[in-house]
>>> print(open('upload.cif').read())   # mmCIF, C-alpha atoms
data_protein
#
loop_
_atom_site.label_atom_id
_atom_site.label_comp_id
_atom_site.auth_asym_id
_atom_site.auth_seq_id
_atom_site.Cartn_x
_atom_site.Cartn_y
_atom_site.Cartn_z
CA MET A 1 -12.22 12.11 -23.85
CA ARG A 2 -9.91 10.28 -21.48
CA ALA A 3 -12.12 11.05 -18.49
CA ALA A 4 -15.11 9.42 -20.22
CA ARG A 5 -12.97 6.41 -21.07
CA LEU A 6 -11.78 6.02 -17.47
CA ILE A 7 -15.36 6.15 -16.22
CA LYS A 8 -16.41 3.53 -18.76
CA MET A 9 -13.51 1.32 -17.69
CA VAL A 10 -14.60 1.49 -14.04
CA LEU A 11 -18.22 0.71 -14.98
CA LEU A 12 -17.13 -2.27 -17.09
CA LEU A 13 -15.09 -3.70 -14.21
CA GLN A 14 -17.95 -3.02 -11.84
CA THR A 15 -20.39 -5.08 -13.92
CA ARG A 16 -18.02 -8.00 -14.57
CA ALA A 17 -15.93 -10.04 -12.17
CA ALA A 18 -12.75 -9.50 -14.19
CA MET A 19 -11.65 -8.52 -17.69
CA THR A 20 -8.42 -9.11 -19.57
CA ALA A 21 -6.48 -6.26 -21.12
CA GLY A 22 -7.57 -7.47 -24.56
CA GLU A 23 -11.25 -7.46 -23.61
CA LEU A 24 -10.99 -3.96 -22.15
CA ALA A 25 -9.08 -2.76 -25.22
CA ARG A 26 -11.86 -4.01 -27.52
CA GLU A 27 -14.62 -2.45 -25.40
CA LEU A 28 -12.81 0.88 -25.08
CA GLU A 29 -11.44 0.83 -28.66
CA VAL A 30 -7.88 1.51 -27.54
CA SER A 31 -4.62 -0.44 -27.38
CA GLU A 32 -3.73 -2.76 -24.51
CA ARG A 33 -0.89 -0.39 -23.60
CA THR A 34 -3.46 2.41 -23.16
CA VAL A 35 -5.51 0.09 -20.94
CA THR A 36 -2.43 -0.45 -18.75
CA ARG A 37 -1.84 3.30 -18.46
CA ASP A 38 -5.52 3.95 -17.67
CA ALA A 39 -5.55 1.26 -14.97
CA GLN A 40 -2.51 2.86 -13.39
CA ALA A 41 -4.14 6.31 -13.51
CA LEU A 42 -7.27 4.96 -11.81
CA SER A 43 -5.20 3.29 -9.12
CA GLU A 44 -3.32 6.53 -8.45
CA ALA A 45 -6.68 8.33 -8.17
CA GLY A 46 -7.82 5.94 -5.44
CA VAL A 47 -9.90 3.50 -7.49
CA PRO A 48 -8.84 -0.01 -6.35
CA VAL A 49 -8.04 -1.57 -9.73
CA TYR A 50 -6.03 -4.76 -9.27
CA ALA A 51 -4.08 -6.50 -12.05
CA ASP A 52 -3.70 -10.28 -11.96
CA ARG A 53 -0.53 -11.34 -13.74
CA GLY A 54 -0.10 -14.34 -15.99
CA ARG A 55 -1.83 -15.86 -19.01
CA ALA A 56 -5.22 -16.10 -17.24
CA GLY A 57 -4.83 -12.72 -15.55
CA GLY A 58 -6.77 -9.53 -15.99
CA TYR A 59 -8.12 -6.48 -14.22
CA ARG A 60 -10.71 -6.37 -11.44
CA LEU A 61 -12.01 -4.10 -8.70
CA VAL A 62 -11.24 -5.20 -5.14
CA GLY A 63 -13.04 -4.69 -1.87
CA GLY A 64 -16.54 -4.60 -3.39
CA TYR A 65 -15.83 -1.13 -4.79
CA ARG A 66 -18.86 0.58 -6.33
CA THR A 67 -18.72 3.87 -8.16
CA ARG A 68 -21.45 6.49 -7.97
CA LEU A 69 -20.63 7.82 -11.43
CA THR A 70 -23.82 6.32 -12.89
CA GLY A 71 -25.74 9.50 -13.70
CA LEU A 72 -27.06 9.75 -17.25
CA GLY A 73 -26.30 12.61 -19.60
CA ARG A 74 -29.03 14.04 -21.83
CA ASP A 75 -27.93 12.16 -24.95
CA GLU A 76 -27.64 8.92 -22.96
CA ALA A 77 -31.11 9.38 -21.44
CA GLU A 78 -32.69 10.07 -24.84
CA ALA A 79 -30.94 7.05 -26.37
CA LEU A 80 -32.22 4.86 -23.52
CA PHE A 81 -35.82 5.69 -24.35
CA LEU A 82 -35.16 4.81 -28.00
CA SER A 83 -33.87 1.34 -27.15
CA GLY A 84 -37.27 -0.27 -26.62
CA VAL A 85 -39.53 -1.58 -29.37
CA PRO A 86 -43.02 -1.07 -27.89
CA GLY A 87 -44.86 -3.42 -30.23
CA ALA A 88 -42.30 -6.19 -29.82
CA LEU A 89 -42.28 -5.84 -26.04
CA ARG A 90 -46.06 -6.03 -25.98
CA GLU A 91 -46.08 -9.16 -28.15
CA MET A 92 -43.55 -10.89 -25.86
CA GLY A 93 -45.67 -10.04 -22.80
CA LEU A 94 -43.12 -7.55 -21.44
CA ALA A 95 -45.03 -4.29 -21.91
CA ASP A 96 -45.80 -3.84 -18.19
CA ALA A 97 -42.21 -4.55 -17.14
CA ALA A 98 -40.85 -2.15 -19.78
CA SER A 99 -43.28 0.57 -18.75
CA ALA A 100 -42.32 0.22 -15.08
CA ALA A 101 -38.62 0.33 -15.97
CA ARG A 102 -39.07 3.51 -18.03
CA LEU A 103 -40.96 5.15 -15.15
CA LYS A 104 -38.20 4.27 -12.69
CA VAL A 105 -35.49 5.59 -15.00
CA ALA A 106 -37.45 8.78 -15.67
CA ALA A 107 -37.94 9.33 -11.94
CA ALA A 108 -34.20 8.94 -11.34
CA LEU A 109 -33.17 11.49 -13.96
CA LEU A 110 -32.06 14.99 -13.10
CA PRO A 111 -34.93 17.51 -13.39
CA SER A 112 -33.30 19.09 -16.45
CA PHE A 113 -33.35 15.69 -18.26
CA GLN A 114 -36.85 14.54 -17.40
CA ASP A 115 -38.22 15.60 -20.78
CA ALA A 116 -35.99 12.95 -22.44
CA PRO A 117 -38.87 10.44 -22.99
CA ARG A 118 -41.00 13.10 -24.71
CA VAL A 119 -38.08 14.39 -26.81
CA ALA A 120 -37.20 10.89 -28.03
CA ALA A 121 -40.83 9.95 -28.77
CA GLN A 122 -41.35 13.15 -30.77
CA ARG A 123 -38.40 12.46 -33.04
CA PHE A 124 -38.16 8.70 -33.64
CA HIS A 125 -40.57 5.81 -34.08
CA LEU A 126 -39.77 2.23 -35.12
CA ASP A 127 -42.44 0.50 -37.22
CA ALA A 128 -41.12 -3.06 -37.51
CA PRO A 129 -43.73 -4.86 -39.68
CA GLY A 130 -43.35 -4.81 -43.46
CA TRP A 131 -45.73 -2.99 -45.79
CA PHE A 132 -48.96 -4.49 -47.10
CA ARG A 133 -49.36 -7.08 -44.37
CA ALA A 134 -51.37 -7.11 -41.19
CA PRO A 135 -49.09 -7.74 -38.20
CA GLU A 136 -50.03 -10.90 -36.33
CA THR A 137 -48.70 -11.94 -32.95
CA PRO A 138 -47.86 -15.68 -32.83
CA ALA A 139 -49.87 -17.25 -30.01
CA LEU A 140 -46.84 -19.07 -28.55
CA LEU A 141 -44.47 -16.09 -28.62
CA PRO A 142 -44.89 -15.16 -24.91
CA ALA A 143 -44.13 -18.74 -23.83
CA LEU A 144 -40.99 -18.82 -25.98
CA ALA A 145 -39.92 -15.38 -24.73
CA GLU A 146 -40.26 -16.57 -21.13
CA ALA A 147 -38.12 -19.62 -21.90
CA VAL A 148 -35.49 -17.44 -23.59
CA TRP A 149 -35.24 -15.16 -20.56
CA ASP A 150 -35.13 -18.11 -18.17
CA ASP A 151 -32.64 -20.25 -20.17
CA ARG A 152 -35.20 -23.04 -19.91
CA CYS A 153 -35.42 -26.00 -22.27
CA VAL A 154 -38.68 -26.50 -24.14
CA THR A 155 -40.32 -29.39 -25.93
CA ALA A 156 -41.88 -27.95 -29.06
CA ARG A 157 -43.88 -29.17 -32.03
CA TYR A 158 -43.15 -27.43 -35.34
CA ARG A 159 -44.86 -27.51 -38.74
CA ARG A 160 -42.45 -28.61 -41.46
CA GLY A 161 -43.61 -29.49 -44.95
CA ASP A 162 -46.75 -31.57 -44.77
CA GLY A 163 -46.28 -32.75 -41.19
CA GLU A 164 -45.06 -31.84 -37.72
CA VAL A 165 -41.87 -32.66 -35.87
CA GLU A 166 -41.16 -32.60 -32.14
CA ARG A 167 -37.89 -31.23 -30.83
CA LEU A 168 -36.22 -30.60 -27.50
CA LEU A 169 -34.85 -27.07 -27.90
CA GLU A 170 -32.58 -24.72 -25.99
CA PRO A 171 -34.05 -21.31 -26.92
CA TYR A 172 -31.16 -18.87 -27.26
CA GLY A 173 -32.87 -15.79 -28.66
CA LEU A 174 -35.73 -14.18 -30.57
CA VAL A 175 -35.42 -12.02 -33.68
CA LEU A 176 -38.09 -9.74 -35.16
CA LYS A 177 -37.49 -9.41 -38.91
CA ALA A 178 -39.90 -7.35 -41.05
CA GLY A 179 -42.85 -8.20 -38.81
CA ALA A 180 -42.06 -11.93 -38.52
CA TRP A 181 -40.67 -13.52 -35.35
CA TYR A 182 -37.90 -16.13 -35.46
CA LEU A 183 -36.45 -18.31 -32.70
CA CYS A 184 -32.75 -19.18 -32.71
CA ALA A 185 -32.48 -22.38 -30.69
CA ARG A 186 -29.83 -25.00 -30.08
CA VAL A 187 -30.84 -28.59 -30.77
CA PRO A 188 -28.92 -30.69 -28.17
CA ASP A 189 -28.49 -33.49 -30.69
CA PRO A 190 -26.55 -32.70 -32.92
CA GLY A 191 -25.73 -29.52 -30.98
CA ALA A 192 -26.35 -27.01 -33.78
CA VAL A 193 -28.15 -23.67 -33.49
CA ARG A 194 -31.08 -23.55 -35.91
CA THR A 195 -33.66 -20.95 -36.82
CA TYR A 196 -37.44 -21.46 -36.61
CA ARG A 197 -40.36 -19.24 -37.57
CA VAL A 198 -42.37 -18.73 -34.40
CA ASP A 199 -45.74 -18.79 -36.18
CA ARG A 200 -45.04 -22.41 -37.25
CA PHE A 201 -44.88 -23.73 -33.69
CA THR A 202 -48.04 -25.62 -32.75
CA SER A 203 -47.14 -26.32 -29.13
CA VAL A 204 -44.48 -25.27 -26.63
CA GLU A 205 -44.02 -26.92 -23.24
CA ALA A 206 -41.42 -25.66 -20.78
CA ALA A 207 -39.20 -28.39 -19.31
CA ASP A 208 -38.08 -28.63 -15.72
CA THR A 209 -34.44 -28.22 -16.69
CA ARG A 210 -32.41 -25.18 -17.64
CA PHE A 211 -29.62 -25.25 -20.20
CA HIS A 212 -26.11 -23.83 -19.92
CA ARG A 213 -25.86 -21.01 -22.43
CA ASP A 214 -22.76 -20.83 -24.61
CA GLU A 215 -21.35 -17.46 -23.58
CA ASP A 216 -19.51 -17.15 -26.90
CA PHE A 217 -22.80 -17.17 -28.79
CA GLY A 218 -23.77 -13.73 -30.11
CA LEU A 219 -27.34 -13.40 -31.39
CA PRO A 220 -26.75 -10.40 -33.75
CA ALA A 221 -23.69 -12.03 -35.35
CA HIS A 222 -25.46 -15.40 -35.67
CA TRP A 223 -28.53 -13.84 -37.26
CA SER A 224 -26.46 -11.76 -39.69
CA ALA A 225 -24.54 -14.83 -40.86
CA GLN A 226 -27.72 -16.90 -41.07
CA ALA A 227 -29.53 -14.24 -43.10
CA GLU A 228 -26.57 -13.91 -45.47
CA ARG A 229 -26.41 -17.69 -46.01
CA PHE A 230 -30.17 -17.89 -46.56
CA ALA A 231 -30.17 -15.06 -49.09
CA ARG A 232 -27.24 -16.62 -50.98
CA SER A 233 -28.81 -20.10 -50.91
CA LEU A 234 -31.75 -18.79 -52.96
CA LEU A 235 -29.43 -17.77 -55.78
CA CYS A 236 -29.01 -21.18 -57.41
CA ALA A 237 -28.84 -20.14 -61.08
CA GLU A 238 -26.78 -17.70 -63.17
CA ALA A 239 -27.37 -15.13 -65.88
CA VAL A 240 -24.65 -13.49 -67.99
CA VAL A 241 -25.49 -9.89 -68.83
CA ARG A 242 -23.95 -6.73 -70.26
CA LEU A 243 -24.58 -3.54 -68.31
CA SER A 244 -24.24 0.07 -69.33
CA PRO A 245 -22.69 2.48 -66.80
CA GLU A 246 -26.24 3.47 -65.83
CA GLY A 247 -27.16 -0.22 -65.55
CA VAL A 248 -24.23 -0.80 -63.19
CA ARG A 249 -25.42 2.08 -61.03
CA ARG A 250 -29.01 0.81 -60.90
CA LEU A 251 -28.28 -2.92 -60.54
CA PRO A 252 -28.28 -3.03 -56.68
CA GLY A 253 -31.80 -1.59 -56.68
CA ALA A 254 -33.07 -4.03 -59.31
CA VAL A 255 -31.80 -7.39 -58.02
CA ASP A 256 -31.00 -8.95 -54.66
CA VAL A 257 -28.17 -7.09 -52.92
CA PRO A 258 -25.96 -10.21 -52.45
CA ALA A 259 -26.39 -11.00 -56.16
CA ALA A 260 -25.44 -7.48 -57.23
CA ARG A 261 -22.45 -7.41 -54.90
CA GLU A 262 -21.14 -10.78 -56.07
CA GLY A 263 -21.78 -10.09 -59.75
CA LEU A 264 -20.14 -6.66 -59.82
CA ALA A 265 -17.15 -7.94 -57.83
CA GLY A 266 -16.36 -10.32 -60.70
CA ALA A 267 -17.23 -7.96 -63.55
CA GLY A 268 -14.91 -7.76 -66.56
CA GLU A 269 -13.23 -4.63 -67.89
CA PRO A 270 -15.52 -2.02 -69.53
CA ASP A 271 -15.59 -2.01 -73.33
CA GLY A 272 -15.15 1.10 -75.44
CA ALA A 273 -18.68 2.29 -74.65
CA GLY A 274 -18.30 1.63 -70.92
CA TRP A 275 -20.41 -1.55 -70.86
CA VAL A 276 -19.30 -4.42 -68.62
CA THR A 277 -20.07 -8.15 -68.72
CA VAL A 278 -21.33 -9.60 -65.43
CA THR A 279 -22.14 -13.15 -64.34
CA LEU A 280 -25.07 -12.61 -62.04
CA PRO A 281 -26.33 -15.19 -59.50
CA VAL A 282 -30.14 -15.35 -59.69
CA GLU A 283 -32.92 -17.24 -57.97
CA SER A 284 -34.51 -18.52 -61.18
CA GLU A 285 -35.02 -17.54 -64.80
CA GLU A 286 -38.49 -16.20 -64.01
CA VAL A 287 -37.22 -14.03 -61.17
CA ALA A 288 -34.25 -12.82 -63.24
CA HIS A 289 -36.61 -11.85 -66.07
CA ALA A 290 -38.82 -9.85 -63.71
CA GLN A 291 -35.88 -8.12 -62.01
CA LEU A 292 -33.78 -7.31 -65.07
CA THR A 293 -36.78 -5.99 -67.00
CA GLY A 294 -36.67 -3.00 -64.66
CA LEU A 295 -33.29 -1.98 -66.13
CA GLY A 296 -34.80 -1.55 -69.61
CA PRO A 297 -32.23 -0.73 -72.31
CA GLU A 298 -29.41 -0.54 -69.73
CA VAL A 299 -28.99 -4.34 -69.76
CA GLU A 300 -28.48 -6.97 -72.45
CA VAL A 301 -28.91 -10.63 -71.50
CA LEU A 302 -26.30 -12.90 -73.10
CA ALA A 303 -27.08 -16.22 -71.38
CA PRO A 304 -28.86 -18.48 -70.83
CA GLU A 305 -30.36 -18.51 -74.31
CA SER A 306 -33.87 -19.15 -72.96
CA LEU A 307 -33.69 -15.99 -70.83
CA ARG A 308 -32.34 -13.96 -73.74
CA ALA A 309 -35.25 -15.26 -75.85
CA ARG A 310 -37.70 -13.85 -73.30
CA PHE A 311 -36.19 -10.38 -73.71
CA VAL A 312 -36.18 -10.75 -77.52
CA ARG A 313 -39.91 -11.43 -77.39
CA ASP A 314 -40.45 -8.51 -75.00
CA ALA A 315 -38.52 -6.19 -77.33
CA ALA A 316 -40.57 -7.31 -80.33
CA ARG A 317 -43.83 -6.76 -78.47
CA LEU A 318 -42.72 -3.31 -77.30
CA ALA A 319 -41.65 -2.36 -80.85
CA THR A 320 -45.06 -3.40 -82.14
CA LEU A 321 -46.89 -1.64 -79.32
CA TYR A 322 -45.02 1.67 -79.58
CA GLY A 323 -44.56 1.56 -83.34
CA LYS A 324 -48.27 1.77 -84.09
CA GLY A 325 -48.27 5.56 -84.15
#
>>> encode(input="upload.cif", output="structure tokens")
Amino acid sequence: MRAARLIKMVLLLQTRAAMTAGELARELEVSERTVTRDAQALSEAGVPVYADRGRAGGYRLVGGYRTRLTGLGRDEAEALFLSGVPGALREMGLADAASAARLKVAAALLPSFQDAPRVAAQRFHLDAPGWFRAPETPALLPALAEAVWDDRCVTARYRRGDGEVERLLEPYGLVLKAGAWYLCARVPDPGAVRTYRVDRFTSVEAADTRFHRDEDFGLPAHWSAQAERFARSLLCAEAVVRLSPEGVRRLPGAVDVPAAREGLAGAGEPDGAGWVTVTLPVESEEVAHAQLTGLGPEVEVLAPESLRARFVRDAARLATLYGKG
């Protein structure tokens, strides 16, 4: 365990100019005191780890030191061949580069590991597009992908509402979500990072200038927060309902996950029969009616009155339909 951690520490310092004790502690998932002990152990073993003192200090390798401990284990090799998304790479125009990289890695593996590509391909496959839709590659995706890789500004025209707008963008990253491509790009004025659907771009022209990327920007974290805000922004109405214990269990599968999480977090105490009252954020009365219908007799709508009236009418129709026999 410690040996693997020491190797990882050397590789981290080899790929970065310097790292603070806090940064190493986060990467290695240990305390800063353990980082200090590990650095000392490496130094005693002949690895030239140097510690800069002071508030801006950190650890670095001196003398251009390079380790040869870069061989892949079997699990690492198999994981490497799972990291690509073939369809996405092809759509971004990177299929040839990815194929060449996989060949080079495979050729560098130990003979006993060279079946790693086949083993990984036999066991896992990522199918990114959603069901019941034909995947379409946006025509301007390769141009945007090239700008993202090159940190190059672009002048782009984008369909919005009934018209088009032109923007100077700093393309930070691309996200593939359920078969749809999105661009996260910084707009220099006012300096905010916004999200655009790639299939709504009508033109993209690369500028002569490159932008300075904010190194604190993390694409996965930004997208997660953006998706959470978008999902919550759709829930602009409320419904008050009573749920049976079975209704509570089934609610996350019937409504939007953020709505179920928020509603159950504020649920009241169960009554004598185990039913709880929940104020549920919903997109609209129509959507709430469609979603809550799936819970059948495990839910009772209390408010708004118009939504309750819908379920009263449904119950009357069902009683008539099933009472005929």
>>> resolve_selection(input="upload.cif", expression="the PyMOL selection byres ((chain A and resi 233) around 12)", output="CSV table (one decimal) with C-alpha atoms, in the frame of the given file")
chain,number,residue,atom,x,y,z
A,226,GLN,CA,-27.7,-16.9,-41.1
A,227,ALA,CA,-29.5,-14.2,-43.1
A,228,GLU,CA,-26.6,-13.9,-45.5
A,229,ARG,CA,-26.4,-17.7,-46.0
A,230,PHE,CA,-30.2,-17.9,-46.6
A,231,ALA,CA,-30.2,-15.1,-49.1
A,232,ARG,CA,-27.2,-16.6,-51.0
A,234,LEU,CA,-31.8,-18.8,-53.0
A,235,LEU,CA,-29.4,-17.8,-55.8
A,236,CYS,CA,-29.0,-21.2,-57.4
A,237,ALA,CA,-28.8,-20.1,-61.1
A,256,ASP,CA,-31.0,-9.0,-54.7
A,258,PRO,CA,-26.0,-10.2,-52.4
A,259,ALA,CA,-26.4,-11.0,-56.2
A,281,PRO,CA,-26.3,-15.2,-59.5
A,282,VAL,CA,-30.1,-15.4,-59.7
A,283,GLU,CA,-32.9,-17.2,-58.0
A,284,SER,CA,-34.5,-18.5,-61.2
>>> atom_distance(input="upload.cif", atom1="atom CA of A:Leu24", atom2="atom CA of A:Asp52")
14.0 Å
>>> closest_residue(input="upload.cif", among="A:Leu42, A:Tyr59, A:Asp216, A:Leu168", to="A:Met19", atoms="all atoms listed in the file")
A:Tyr59
>>> atom_distance(input="upload.cif", atom1="atom CA of A:Arg53", atom2="atom CA of A:Phe217")
27.5 Å
>>> residues_around(input="upload.cif", residues="A:Arg194", least_positions_apart="4", cutoff="8 Å", atoms="all atoms listed in the file", output="count of residues only")
4
>>> resolve_selection(input="upload.cif", expression="the PyMOL selection byres ((chain A and resi 170) around 7)", output="list in words")
Arg152, Cys153, Val154, Leu169, Pro171, Tyr172, Ala185, Arg186, Val187 and Phe211 of chain A
>>> closest_residue(input="upload.cif", among="A:Arg133, A:Arg74, A:Arg197, A:Arg249", to="A:Phe113", atoms="only C-alpha atoms")
A:Arg74
>>> residues_around(input="upload.cif", residues="stretch 13-18 of chain A", least_positions_apart="6", cutoff="8 Å", atoms="all atoms listed in the file", output="PyMOL selection string")
chain A and resi 58-61+65-67
>>> build_atoms(input="upload.cif", residues="stretch 238-248 of chain A", atoms="all heavy atoms", output="compact mmCIF listing (two decimals), in the coordinates of the input")
# COMPACT_ATOMS: atom_id res chain seq x y z
N GLU A 238 -27.63 -18.81 -62.73
CA GLU A 238 -26.78 -17.70 -63.17
C GLU A 238 -27.32 -17.11 -64.46
O GLU A 238 -27.95 -17.80 -65.28
CB GLU A 238 -25.34 -18.17 -63.41
CG GLU A 238 -24.56 -18.46 -62.16
CD GLU A 238 -23.11 -18.82 -62.45
OE1 GLU A 238 -22.80 -19.14 -63.62
OE2 GLU A 238 -22.30 -18.79 -61.50
N ALA A 239 -27.07 -15.82 -64.63
CA ALA A 239 -27.37 -15.13 -65.88
C ALA A 239 -26.16 -14.28 -66.24
O ALA A 239 -25.59 -13.61 -65.37
CB ALA A 239 -28.61 -14.25 -65.75
N VAL A 240 -25.76 -14.32 -67.51
CA VAL A 240 -24.65 -13.49 -67.99
C VAL A 240 -25.26 -12.30 -68.71
O VAL A 240 -26.06 -12.47 -69.65
CB VAL A 240 -23.72 -14.28 -68.93
CG1 VAL A 240 -22.55 -13.40 -69.37
CG2 VAL A 240 -23.21 -15.53 -68.23
N VAL A 241 -24.89 -11.11 -68.28
CA VAL A 241 -25.49 -9.89 -68.83
C VAL A 241 -24.42 -8.85 -69.13
O VAL A 241 -23.33 -8.90 -68.56
CB VAL A 241 -26.53 -9.29 -67.86
CG1 VAL A 241 -27.64 -10.28 -67.56
CG2 VAL A 241 -25.87 -8.83 -66.56
N ARG A 242 -24.76 -7.92 -70.03
CA ARG A 242 -23.95 -6.73 -70.26
C ARG A 242 -24.70 -5.55 -69.68
O ARG A 242 -25.92 -5.42 -69.85
CB ARG A 242 -23.70 -6.49 -71.75
CG ARG A 242 -22.78 -7.49 -72.41
CD ARG A 242 -22.63 -7.20 -73.90
NE ARG A 242 -21.91 -5.94 -74.15
CZ ARG A 242 -22.42 -4.88 -74.78
NH1 ARG A 242 -23.68 -4.89 -75.19
NH2 ARG A 242 -21.69 -3.80 -74.98
N LEU A 243 -23.96 -4.69 -68.97
CA LEU A 243 -24.58 -3.54 -68.31
C LEU A 243 -23.93 -2.25 -68.77
O LEU A 243 -22.70 -2.16 -68.86
CB LEU A 243 -24.43 -3.66 -66.79
CG LEU A 243 -25.17 -4.80 -66.10
CD1 LEU A 243 -24.65 -4.96 -64.68
CD2 LEU A 243 -26.66 -4.55 -66.09
N SER A 244 -24.76 -1.26 -69.05
CA SER A 244 -24.24 0.07 -69.33
C SER A 244 -23.77 0.70 -68.02
O SER A 244 -24.07 0.18 -66.93
CB SER A 244 -25.34 0.94 -69.95
OG SER A 244 -26.34 1.22 -68.96
N PRO A 245 -23.05 1.82 -68.06
CA PRO A 245 -22.69 2.48 -66.80
C PRO A 245 -23.90 2.80 -65.94
O PRO A 245 -23.88 2.65 -64.72
CB PRO A 245 -21.97 3.75 -67.28
CG PRO A 245 -21.38 3.37 -68.60
CD PRO A 245 -22.39 2.45 -69.23
N GLU A 246 -25.01 3.20 -66.58
CA GLU A 246 -26.24 3.47 -65.83
C GLU A 246 -26.82 2.16 -65.26
O GLU A 246 -27.34 2.12 -64.15
CB GLU A 246 -27.27 4.15 -66.72
CG GLU A 246 -28.63 4.40 -66.07
CD GLU A 246 -28.57 5.36 -64.88
OE1 GLU A 246 -27.54 6.05 -64.71
OE2 GLU A 246 -29.57 5.44 -64.15
N GLY A 247 -26.69 1.07 -66.03
CA GLY A 247 -27.16 -0.22 -65.55
C GLY A 247 -26.38 -0.69 -64.34
O GLY A 247 -26.94 -1.27 -63.40
N VAL A 248 -25.05 -0.45 -64.35
CA VAL A 248 -24.23 -0.80 -63.19
C VAL A 248 -24.70 -0.02 -61.96
O VAL A 248 -24.80 -0.57 -60.86
CB VAL A 248 -22.74 -0.51 -63.48
CG1 VAL A 248 -21.91 -0.63 -62.21
CG2 VAL A 248 -22.22 -1.47 -64.55
